[in-house]
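Here is the file work.cif (mmCIF, C-alpha atoms).
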```cif
data_input
#
loop_
_atom_site.label_atom_id
_atom_site.label_comp_id
_atom_site.auth_asym_id
_atom_site.auth_seq_id
_atom_site.Cartn_x
_atom_site.Cartn_y
_atom_site.Cartn_z
CA MET U 1 -69.96 46.31 70.88
CA SER U 2 -66.24 46.01 70.12
CA ASP U 3 -67.09 46.20 66.42
CA PHE U 4 -67.81 49.88 66.42
CA ILE U 5 -65.55 50.97 69.26
CA GLY U 6 -62.29 52.18 67.86
CA ASP U 7 -63.67 53.51 64.59
CA TRP U 8 -65.05 56.91 63.63
CA HIS U 9 -68.48 56.09 64.93
CA ALA U 10 -67.08 55.45 68.42
CA LEU U 11 -65.32 58.79 68.35
CA PHE U 12 -68.52 60.46 67.16
CA VAL U 13 -70.41 58.94 70.11
CA LEU U 14 -67.70 60.20 72.47
CA VAL U 15 -67.96 63.75 71.14
CA ILE U 16 -71.78 63.86 71.14
CA ALA U 17 -72.47 62.04 74.43
CA GLY U 18 -69.25 62.82 76.33
CA PHE U 19 -67.44 65.93 75.18
CA LEU U 20 -70.30 68.28 74.25
CA PRO U 21 -72.52 67.64 77.33
CA ASN U 22 -69.61 68.68 79.57
CA GLU U 23 -68.20 71.45 77.44
CA ILE U 24 -71.48 73.36 77.08
CA TRP U 25 -71.62 73.79 80.87
CA ARG U 26 -67.99 74.89 80.99
CA LEU U 27 -68.67 77.42 78.23
CA ALA U 28 -71.81 78.65 80.01
CA GLY U 29 -69.70 79.04 83.15
CA PHE U 30 -67.17 80.95 81.08
CA TRP U 31 -69.84 83.40 79.86
CA LEU U 32 -71.18 83.89 83.37
CA GLY U 33 -67.72 84.16 84.98
CA ALA U 34 -66.47 86.62 82.40
CA GLY U 35 -68.79 89.35 83.65
CA VAL U 36 -68.44 88.76 87.40
CA ASP U 37 -66.11 90.63 89.71
CA GLU U 38 -64.08 88.80 92.32
CA GLY U 39 -65.66 89.48 95.69
CA SER U 40 -69.10 90.34 94.30
CA ASP U 41 -72.29 88.98 95.85
CA LEU U 42 -73.14 87.14 92.63
CA LEU U 43 -69.89 85.20 92.93
CA VAL U 44 -70.66 84.21 96.53
CA TRP U 45 -74.01 82.85 95.32
CA VAL U 46 -72.45 81.01 92.36
CA ARG U 47 -69.88 79.43 94.67
CA ALA U 48 -72.55 78.39 97.16
CA VAL U 49 -74.56 76.76 94.36
CA ALA U 50 -71.44 74.98 93.04
CA THR U 51 -70.71 73.65 96.52
CA ALA U 52 -74.33 72.55 97.05
CA ILE U 53 -74.54 70.82 93.65
CA LEU U 54 -71.32 69.00 94.45
CA ALA U 55 -72.82 68.03 97.82
CA GLY U 56 -75.75 66.60 95.86
CA VAL U 57 -73.37 64.56 93.68
CA ILE U 58 -71.71 63.22 96.86
CA ALA U 59 -75.07 62.36 98.44
CA GLN U 60 -76.27 60.71 95.24
CA ILE U 61 -73.29 58.34 95.04
CA VAL U 62 -73.73 57.37 98.70
CA VAL U 63 -77.55 57.11 98.74
CA GLN U 64 -78.10 55.71 95.22
CA PRO U 65 -74.76 53.87 94.73
CA PRO U 66 -73.66 52.98 91.19
CA GLY U 67 -72.38 49.54 90.12
CA ALA U 68 -70.14 47.67 92.52
CA LEU U 69 -70.72 50.14 95.34
CA ALA U 70 -74.31 48.87 95.54
CA THR U 71 -72.93 45.56 96.89
CA VAL U 72 -71.87 47.44 100.04
CA PRO U 73 -74.79 47.57 102.55
CA ASP U 74 -76.37 51.02 103.14
CA LEU U 75 -75.29 51.39 106.76
CA LEU U 76 -71.71 50.40 105.94
CA ARG U 77 -71.53 53.03 103.18
CA TYR U 78 -72.88 55.77 105.44
CA GLY U 79 -70.65 54.56 108.29
CA ALA U 80 -67.53 54.56 106.10
CA VAL U 81 -68.15 58.13 104.91
CA ALA U 82 -68.92 59.29 108.47
CA ALA U 83 -65.77 57.56 109.77
CA GLY U 84 -63.72 59.21 107.03
CA PHE U 85 -65.12 62.61 107.97
CA LEU U 86 -64.39 62.02 111.66
CA ALA U 87 -60.78 61.01 110.90
CA PHE U 88 -60.47 64.13 108.73
CA MET U 89 -61.63 66.37 111.60
CA LEU U 90 -59.45 64.63 114.19
CA THR U 91 -56.32 65.01 112.03
CA ARG U 92 -56.75 68.76 111.57
CA ARG U 93 -58.38 68.37 108.16
CA SER U 94 -56.09 65.82 106.54
CA ILE U 95 -57.84 64.60 103.37
CA PHE U 96 -55.39 61.72 103.12
CA ALA U 97 -56.19 60.43 106.62
CA GLY U 98 -59.92 60.84 106.04
CA VAL U 99 -60.03 59.06 102.68
CA LEU U 100 -57.76 56.26 103.90
CA PHE U 101 -59.75 55.67 107.10
CA GLY U 102 -63.10 55.77 105.29
CA GLU U 103 -61.88 53.20 102.75
CA LEU U 104 -60.43 50.99 105.51
CA VAL U 105 -63.73 51.02 107.42
CA MET U 106 -65.58 50.00 104.24
CA LEU U 107 -63.09 47.21 103.42
CA ALA U 108 -63.02 45.95 107.02
CA GLY U 109 -66.83 45.96 107.12
CA LYS U 110 -67.07 44.04 103.85
CA TRP U 111 -64.53 41.51 105.08
CA TRP U 112 -66.29 41.11 108.43
CA LEU U 113 -69.69 40.65 106.77
CA GLY U 114 -68.12 38.10 104.44
CA MET E 12 -41.87 71.63 98.89
CA ALA E 13 -43.76 74.91 99.20
CA LEU E 14 -44.43 77.34 96.37
CA PRO E 15 -42.06 80.36 96.24
CA PRO E 16 -43.26 83.66 97.80
CA LEU E 17 -45.38 85.89 95.55
CA ASP E 18 -42.57 88.39 94.88
CA SER E 19 -39.90 85.75 94.20
CA HIS E 20 -37.92 85.87 90.94
CA ARG E 21 -38.75 82.18 90.61
CA TRP E 22 -42.16 83.20 89.28
CA HIS E 23 -40.46 85.08 86.46
CA GLY E 24 -41.87 84.10 83.07
CA PRO E 25 -44.87 81.93 82.15
CA LEU E 26 -42.71 78.86 81.54
CA ARG E 27 -41.58 78.78 85.15
CA ALA E 28 -45.14 79.28 86.36
CA PHE E 29 -46.17 76.37 84.11
CA ALA E 30 -43.43 74.23 85.70
CA TRP E 31 -44.61 75.19 89.22
CA GLY E 32 -48.13 74.17 88.19
CA LEU E 33 -46.89 70.88 86.75
CA SER E 34 -44.90 70.08 89.89
CA SER E 35 -47.89 70.96 92.06
CA VAL E 36 -49.42 67.56 91.26
CA THR E 37 -47.15 66.41 94.12
CA ARG E 38 -48.66 69.04 96.45
CA THR E 39 -52.09 67.48 96.64
CA VAL E 40 -53.36 64.13 97.84
CA LEU E 41 -56.16 64.50 95.30
CA THR E 42 -53.64 63.36 92.67
CA LEU E 43 -53.68 59.92 94.32
CA VAL E 44 -57.47 59.93 94.39
CA LEU E 45 -57.60 60.83 90.68
CA PHE E 46 -55.05 58.11 89.92
CA ALA E 47 -57.14 55.44 91.63
CA THR E 48 -60.37 56.73 90.06
CA TYR E 49 -58.92 56.69 86.55
CA LEU E 50 -57.41 53.27 87.19
CA GLY E 51 -61.00 52.23 87.77
CA VAL E 52 -62.24 54.05 84.65
CA GLY E 53 -59.60 52.18 82.60
CA ALA E 54 -60.65 48.83 84.09
CA LEU E 55 -64.35 49.63 83.53
CA ALA E 56 -63.66 50.53 79.88
CA HIS E 57 -61.83 47.24 79.39
CA ASP E 58 -64.62 45.19 80.97
CA THR E 59 -67.24 46.90 78.78
CA HIS E 60 -65.23 46.38 75.58
CA PHE E 61 -64.22 49.92 74.79
CA SER E 62 -60.83 50.36 73.12
CA LEU E 63 -57.88 51.79 75.05
CA GLY E 64 -57.63 54.64 72.56
CA TRP E 65 -61.27 55.51 73.15
CA VAL E 66 -60.94 55.69 76.93
CA LEU E 67 -57.78 57.82 76.64
CA ALA E 68 -59.61 60.17 74.26
CA SER E 69 -62.51 60.35 76.74
CA THR E 70 -60.16 61.37 79.54
CA ILE E 71 -58.71 64.19 77.42
CA LEU E 72 -62.03 65.36 75.92
CA VAL E 73 -64.40 64.87 78.86
CA TRP E 74 -62.09 65.33 81.86
CA ALA E 75 -64.71 64.68 84.52
CA GLY E 76 -64.58 61.36 86.35
CA PRO E 77 -68.26 60.85 87.21
CA ALA E 78 -69.28 61.84 83.65
CA GLN E 79 -66.91 59.26 82.17
CA ILE E 80 -68.22 56.52 84.46
CA ILE E 81 -71.81 57.44 83.52
CA LEU E 82 -70.94 57.59 79.80
CA ILE E 83 -69.26 54.19 79.77
CA SER E 84 -71.87 52.45 81.90
CA THR E 85 -74.91 53.87 80.05
CA LEU E 86 -73.46 53.13 76.58
CA SER E 87 -72.45 49.59 77.56
CA SER E 88 -75.90 48.91 79.03
CA GLY E 89 -77.36 49.45 75.56
CA ALA E 90 -78.63 53.03 75.96
CA THR E 91 -78.90 55.15 72.82
CA ILE E 92 -76.44 57.96 72.17
CA ILE E 93 -79.19 60.48 73.06
CA GLN E 94 -79.96 58.80 76.41
CA ALA E 95 -76.27 58.71 77.25
CA ALA E 96 -75.84 62.37 76.25
CA LEU E 97 -78.77 63.38 78.48
CA ALA E 98 -77.45 61.45 81.50
CA VAL E 99 -74.01 63.01 81.08
CA THR E 100 -75.45 66.50 80.55
CA VAL E 101 -77.33 66.34 83.85
CA SER E 102 -74.24 65.10 85.71
CA ALA E 103 -72.13 67.92 84.28
CA ILE E 104 -74.24 70.88 85.46
CA ARG E 105 -71.90 71.44 88.42
CA LEU E 106 -69.20 72.53 85.95
CA LEU E 107 -71.08 75.77 85.21
CA PRO E 108 -70.81 77.36 88.67
CA MET E 109 -67.33 75.87 89.14
CA VAL E 110 -65.92 77.50 86.02
CA ALA E 111 -67.79 80.75 86.76
CA SER E 112 -66.30 80.97 90.26
CA VAL E 113 -62.71 80.13 89.26
CA LEU E 114 -62.46 82.38 86.20
CA PRO E 115 -62.36 85.70 88.08
CA MET E 116 -59.29 84.38 89.98
CA LEU E 117 -57.52 83.51 86.72
CA ARG E 118 -58.28 86.68 84.84
CA GLY E 119 -55.71 89.46 84.61
CA PRO E 120 -55.76 92.73 82.65
CA LYS E 121 -53.91 91.17 79.70
CA THR E 122 -55.48 87.71 79.67
CA ARG E 123 -56.61 86.54 76.26
CA ARG E 124 -60.12 85.19 75.88
CA ARG E 125 -59.21 82.00 74.06
CA GLU E 126 -56.67 81.14 76.75
CA LEU E 127 -59.40 81.38 79.37
CA VAL E 128 -61.71 79.16 77.29
CA LEU E 129 -58.93 76.57 77.07
CA ALA E 130 -58.25 76.85 80.81
CA SER E 131 -61.91 76.28 81.60
CA HIS E 132 -61.69 72.87 79.91
CA PHE E 133 -59.33 71.69 82.65
CA ILE E 134 -61.70 72.73 85.41
CA ALA E 135 -63.40 69.83 87.14
CA VAL E 136 -63.76 69.15 90.85
CA THR E 137 -60.06 68.63 91.58
CA LEU E 138 -58.84 71.74 89.83
CA TRP E 139 -61.72 73.79 91.27
CA VAL E 140 -60.76 72.77 94.79
CA GLU E 141 -57.03 73.24 94.23
CA CYS E 142 -57.48 76.64 92.54
CA PHE E 143 -59.11 78.01 95.68
CA ARG E 144 -56.29 76.61 97.79
CA LEU E 145 -53.24 77.30 95.60
CA LEU E 146 -54.03 80.35 93.42
CA PRO E 147 -53.75 82.88 96.28
CA GLN E 148 -50.08 81.76 96.50
CA VAL E 149 -49.52 82.45 92.78
CA PRO E 150 -48.93 85.95 91.33
CA ARG E 151 -52.00 86.96 89.31
CA GLU E 152 -50.19 87.35 86.00
CA ARG E 153 -48.82 83.81 86.34
CA ARG E 154 -52.02 82.05 87.38
CA LEU E 155 -53.11 80.99 83.90
CA ALA E 156 -49.74 79.35 83.11
CA PHE E 157 -49.81 77.71 86.54
CA VAL E 158 -53.28 76.24 85.92
CA PHE E 159 -52.22 74.92 82.50
CA GLY E 160 -49.27 73.21 84.18
CA LEU E 161 -51.38 71.71 86.95
CA GLY E 162 -54.16 70.69 84.54
CA ILE E 163 -51.83 69.04 82.04
CA GLY E 164 -49.97 67.31 84.88
CA LEU E 165 -53.19 65.86 86.31
CA VAL E 166 -54.51 64.77 82.89
CA SER E 167 -51.19 63.03 82.13
CA ILE E 168 -51.28 61.10 85.40
CA CYS E 169 -54.86 60.05 84.70
CA LEU E 170 -53.96 58.87 81.19
CA LEU E 171 -51.21 56.73 82.72
CA ALA E 172 -53.72 55.39 85.27
CA ASN E 173 -56.14 54.55 82.41
CA VAL E 174 -53.45 52.48 80.67
CA ILE E 175 -52.54 50.63 83.88
CA GLY E 176 -56.19 50.02 84.80
CA TYR E 177 -57.03 48.85 81.29
CA THR E 178 -54.09 46.43 81.32
CA LEU E 179 -54.74 45.08 84.83
CA ALA E 180 -58.53 44.74 84.42
CA GLY E 181 -59.59 41.20 85.18
CA SER E 182 -56.80 40.64 87.68
CA LEU E 183 -58.21 43.26 90.06
CA PRO E 184 -60.28 41.92 92.99
CA PRO E 185 -64.03 42.77 92.77
CA ILE E 186 -63.83 44.75 96.01
CA PHE E 187 -61.48 47.16 94.20
CA ALA E 188 -64.35 48.43 92.06
CA ALA E 189 -66.40 49.27 95.17
CA ALA E 190 -63.41 50.90 96.86
CA MET E 191 -62.74 52.97 93.73
CA LEU E 192 -66.34 54.18 93.59
CA LEU E 193 -66.27 55.15 97.29
CA LEU E 194 -63.16 57.29 96.68
CA THR E 195 -65.14 59.89 94.74
CA PRO E 196 -67.66 60.85 97.48
CA LEU E 197 -64.99 60.68 100.22
CA ALA E 198 -62.50 62.86 98.36
CA PHE E 199 -65.15 65.31 97.09
CA LEU E 200 -66.63 65.68 100.59
CA LEU E 201 -63.34 66.17 102.42
CA SER E 202 -61.73 68.47 99.87
CA THR E 203 -64.84 70.65 99.78
CA ALA E 204 -64.98 70.66 103.59
CA ARG E 205 -61.33 71.68 103.77
CA ASN E 206 -62.00 74.65 101.49
CA CYS E 207 -64.97 75.88 103.53
CA ARG E 208 -63.97 79.25 104.94
CA GLU E 209 -67.14 81.27 105.09
CA LEU E 210 -70.46 80.37 106.64
CA SER E 211 -72.07 80.31 103.19
CA ASP E 212 -69.70 77.52 102.08
CA ILE E 213 -70.39 75.39 105.16
CA LEU E 214 -74.15 75.91 104.91
CA ALA E 215 -74.15 75.10 101.18
CA LEU E 216 -72.29 71.85 101.82
CA VAL E 217 -74.43 70.71 104.76
CA LEU E 218 -77.77 71.75 103.21
CA GLY E 219 -76.77 70.24 99.85
CA LEU E 220 -76.01 66.90 101.51
CA ALA E 221 -79.24 66.97 103.51
CA LEU E 222 -81.58 68.14 100.73
CA PHE E 223 -80.59 65.72 97.97
CA PRO E 224 -81.92 62.54 99.62
CA VAL E 225 -85.28 64.30 100.11
CA ILE E 226 -85.54 65.83 96.64
CA GLY E 227 -84.14 62.62 95.15
CA LEU E 228 -87.43 60.95 96.10
CA LEU E 229 -89.17 63.06 93.43
CA HIS E 230 -87.11 61.44 90.61
CA THR E 231 -87.39 64.52 88.43
CA GLY E 232 -84.23 63.71 86.48
CA VAL E 233 -82.74 67.03 87.57
CA ASP E 234 -82.87 66.36 91.33
CA ILE E 235 -79.26 67.45 91.78
CA LEU E 236 -79.93 70.77 90.07
CA ILE E 237 -83.03 71.46 92.19
CA SER E 238 -81.40 70.52 95.51
CA GLY E 239 -78.18 72.36 94.61
CA MET E 240 -79.90 75.58 93.56
CA THR E 241 -82.16 75.51 96.62
CA ALA E 242 -79.40 74.74 99.15
CA GLY E 243 -76.98 77.19 97.52
CA THR E 244 -79.56 79.97 97.46
CA ILE E 245 -80.53 79.43 101.12
CA ALA E 246 -76.83 79.48 102.09
CA PHE E 247 -76.36 82.70 100.13
CA ALA E 248 -79.48 84.28 101.65
CA VAL E 249 -78.17 83.59 105.17
CA HIS E 250 -74.80 85.06 104.21
CA TRP E 251 -76.47 88.16 102.68
CA TRP E 252 -78.71 88.66 105.70
CA ARG E 253 -75.80 88.38 108.15
CA GLU E 254 -73.68 90.83 106.17
CA ARG E 255 -76.41 93.41 106.44
CA ALA E 256 -77.69 92.67 109.93
#
```

If you took the structure in this file and wrote it as structure tokens, what would it be?
Amino acid sequence: MSDFIGDWHALFVLVIAGFLPNEIWRLAGFWLGAGVDEGSDLLVWVRAVATAILAGVIAQIVVQPPGALATVPDLLRYGAVAAGFLAFMLTRRSIFAGVLFGELVMLAGKWWLG
Amino acid sequence: MALPPLDSHRWHGPLRAFAWGLSSVTRTVLTLVLFATYLGVGALAHDTHFSLGWVLASTILVWAGPAQIILISTLSSGATIIQAALAVTVSAIRLLPMVASVLPMLRGPKTRRRELVLASHFIAVTLWVECFRLLPQVPRERRLAFVFGLGIGLVSICLLANVIGYTLAGSLPPIFAAAMLLLTPLAFLLSTARNCRELSDILALVLGLALFPVIGLLHTGVDILISGMTAGTIAFAVHWWRERA
């Protein structure tokens, strides 16, 4: 693998499989956003879809965890995210408190389970 | 430190607005989340034998954490360039509605098109969330310069994190990788929840979370798109119906 990484081929792979797949969606968003007025109904819909797609990304990482996160048991993952959300609500929407508490619950659970 | 009031002379000139944007990396906890995530991306790249230059280039060119993690892990698992491109393309769909919803806030009467195209490259989850929070505090004619400052500031911090993660890889405890991967859903969930103002936002978030696990059972390959479009459209329909009721 390390043979081709670092040469032109590696950069080509990055552009084809990394840069372009992201940039086409940004450009498509640019075309769509260029014709939309702030405060229009279309924009409310677009924002709702963006939020819901992001919610899907969140759910996917928690329900179908990638890599090392899969070593954390299901209930502990759900519990950690729920605990983080609870801490966020109890601290008048502090993201810092929520993220920190969620991570601590996951780490404590992992430690306790051994 | 808070941003100056909208009519302050401290917004005078694009360079100052750029500097306010740059310094705004200290106004959001998401900077820390990005730092830790990109530390992890650097470590992952090292463990899968990508060069440091390659991972830095990926941060600049791709600028979307989940996409970079998918790209690196699919390529290193022996997938073809086409398979990797498809996996990344599906993961990046969310960028379309994000860019489309931020652009109208950035646009002014004199904004140049190519500047907007460049600005849209910086838009990923973090900047999307922070634009909704910070841009109302920025005079409209200075918003583009502000976003360039914030975007370049965040990218620079992530490049630094890549270097540190790449260098430290191997000496990081295994639990760090799991903790890093949990950061993304926690930070995405809480920052989106914080920005929920209208009923349509809250409904979209809740329905999107609830629908994915169900639609995910279908394994269509575009489950996220289907659940997102459905949940977003229902949320919008409720909003539309309430406005007119």

Can you give me, as a PDB file with C-alpha atoms, in the coordinates of the input, the residues this file yields under the PyMOL selection byres ((chain E) within 6 of (chain U))?
```pdb
ATOM      1  CA  HIS E  60     -65.230  46.380  75.580  1.00  0.00           C
ATOM      2  CA  PHE E  61     -64.220  49.920  74.790  1.00  0.00           C
ATOM      3  CA  SER E  62     -60.830  50.360  73.120  1.00  0.00           C
ATOM      4  CA  LEU E  72     -62.030  65.360  75.920  1.00  0.00           C
ATOM      5  CA  VAL E  73     -64.400  64.870  78.860  1.00  0.00           C
ATOM      6  CA  ALA E  95     -76.270  58.710  77.250  1.00  0.00           C
ATOM      7  CA  ALA E  96     -75.840  62.370  76.250  1.00  0.00           C
ATOM      8  CA  THR E 100     -75.450  66.500  80.550  1.00  0.00           C
ATOM      9  CA  ALA E 103     -72.130  67.920  84.280  1.00  0.00           C
ATOM     10  CA  ARG E 105     -71.900  71.440  88.420  1.00  0.00           C
ATOM     11  CA  LEU E 106     -69.200  72.530  85.950  1.00  0.00           C
ATOM     12  CA  LEU E 107     -71.080  75.770  85.210  1.00  0.00           C
ATOM     13  CA  PRO E 108     -70.810  77.360  88.670  1.00  0.00           C
ATOM     14  CA  MET E 109     -67.330  75.870  89.140  1.00  0.00           C
ATOM     15  CA  VAL E 110     -65.920  77.500  86.020  1.00  0.00           C
ATOM     16  CA  ALA E 111     -67.790  80.750  86.760  1.00  0.00           C
ATOM     17  CA  SER E 112     -66.300  80.970  90.260  1.00  0.00           C
ATOM     18  CA  LEU E 114     -62.460  82.380  86.200  1.00  0.00           C
ATOM     19  CA  PRO E 115     -62.360  85.700  88.080  1.00  0.00           C
ATOM     20  CA  ALA E 188     -64.350  48.430  92.060  1.00  0.00           C
ATOM     21  CA  ALA E 189     -66.400  49.270  95.170  1.00  0.00           C
ATOM     22  CA  PRO E 196     -67.660  60.850  97.480  1.00  0.00           C
ATOM     23  CA  LEU E 197     -64.990  60.680 100.220  1.00  0.00           C
ATOM     24  CA  LEU E 201     -63.340  66.170 102.420  1.00  0.00           C
ATOM     25  CA  ASP E 212     -69.700  77.520 102.080  1.00  0.00           C
ATOM     26  CA  ALA E 215     -74.150  75.100 101.180  1.00  0.00           C
ATOM     27  CA  LEU E 216     -72.290  71.850 101.820  1.00  0.00           C
ATOM     28  CA  GLY E 219     -76.770  70.240  99.850  1.00  0.00           C
ATOM     29  CA  LEU E 220     -76.010  66.900 101.510  1.00  0.00           C
ATOM     30  CA  PHE E 223     -80.590  65.720  97.970  1.00  0.00           C
ATOM     31  CA  ILE E 235     -79.260  67.450  91.780  1.00  0.00           C
ATOM     32  CA  GLY E 239     -78.180  72.360  94.610  1.00  0.00           C
ATOM     33  CA  MET E 240     -79.900  75.580  93.560  1.00  0.00           C
ATOM     34  CA  ALA E 242     -79.400  74.740  99.150  1.00  0.00           C
ATOM     35  CA  GLY E 243     -76.980  77.190  97.520  1.00  0.00           C
ATOM     36  CA  PHE E 247     -76.360  82.700 100.130  1.00  0.00           C
TER      37      PHE E 247
END
```

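Atom to atom, atom CA of E:Ala135 and atom CA of E:Trp74 stand 7.1 Å apart.
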
Picked residues, the PyMOL selection byres ((chain E and resi 45) around 10), as a PDB file with C-alpha atoms, in the frame of the given file:
```pdb
ATOM      1  CA  VAL E  40     -53.360  64.130  97.840  1.00  0.00           C
ATOM      2  CA  LEU E  41     -56.160  64.500  95.300  1.00  0.00           C
ATOM      3  CA  THR E  42     -53.640  63.360  92.670  1.00  0.00           C
ATOM      4  CA  LEU E  43     -53.680  59.920  94.320  1.00  0.00           C
ATOM      5  CA  VAL E  44     -57.470  59.930  94.390  1.00  0.00           C
ATOM      6  CA  PHE E  46     -55.050  58.110  89.920  1.00  0.00           C
ATOM      7  CA  ALA E  47     -57.140  55.440  91.630  1.00  0.00           C
ATOM      8  CA  THR E  48     -60.370  56.730  90.060  1.00  0.00           C
ATOM      9  CA  TYR E  49     -58.920  56.690  86.550  1.00  0.00           C
ATOM     10  CA  LEU E  50     -57.410  53.270  87.190  1.00  0.00           C
ATOM     11  CA  GLY E  51     -61.000  52.230  87.770  1.00  0.00           C
ATOM     12  CA  GLY E  76     -64.580  61.360  86.350  1.00  0.00           C
ATOM     13  CA  THR E 137     -60.060  68.630  91.580  1.00  0.00           C
ATOM     14  CA  LEU E 165     -53.190  65.860  86.310  1.00  0.00           C
ATOM     15  CA  VAL E 166     -54.510  64.770  82.890  1.00  0.00           C
ATOM     16  CA  ILE E 168     -51.280  61.100  85.400  1.00  0.00           C
ATOM     17  CA  CYS E 169     -54.860  60.050  84.700  1.00  0.00           C
ATOM     18  CA  ALA E 172     -53.720  55.390  85.270  1.00  0.00           C
ATOM     19  CA  MET E 191     -62.740  52.970  93.730  1.00  0.00           C
ATOM     20  CA  LEU E 194     -63.160  57.290  96.680  1.00  0.00           C
ATOM     21  CA  THR E 195     -65.140  59.890  94.740  1.00  0.00           C
ATOM     22  CA  ALA E 198     -62.500  62.860  98.360  1.00  0.00           C
TER      23      ALA E 198
END
```

Problem set entry | Selection: 12 Å around E:Lys121, only C-alpha atoms, excl. self and same-chain fewer than 6 positions, as an MDAnalysis selection string | chainID E and resid 127 151:153 155

Problem set entry | Selection near E:Pro16, 10 Å with all atoms listed in the file, sequence-local residues under 5 positions removed, as a ChimeraX atom specification | /E:21-22,148-150

May I have the selected residues written with C-alpha atoms, as a PDB file, in the frame of the given file?
```
ATOM      1  CA  ARG E  21     -38.750  82.180  90.610  1.00  0.00           C
ATOM      2  CA  TRP E  22     -42.160  83.200  89.280  1.00  0.00           C
ATOM      3  CA  GLN E 148     -50.080  81.760  96.500  1.00  0.00           C
ATOM      4  CA  VAL E 149     -49.520  82.450  92.780  1.00  0.00           C
ATOM      5  CA  PRO E 150     -48.930  85.950  91.330  1.00  0.00           C
TER       6      PRO E 150
END
```

Exercise. Please, what distance in Å, to one decimal, runs between atom CA of E:Val113 and atom CA of E:Ile226?
Worked result: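 Separation between atom CA of E:Val113 and atom CA of E:Ile226: 27.9 Å.
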
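Between atom CA of U:Ser40 and atom CA of E:Ile213 there is a distance of 18.5 Å.
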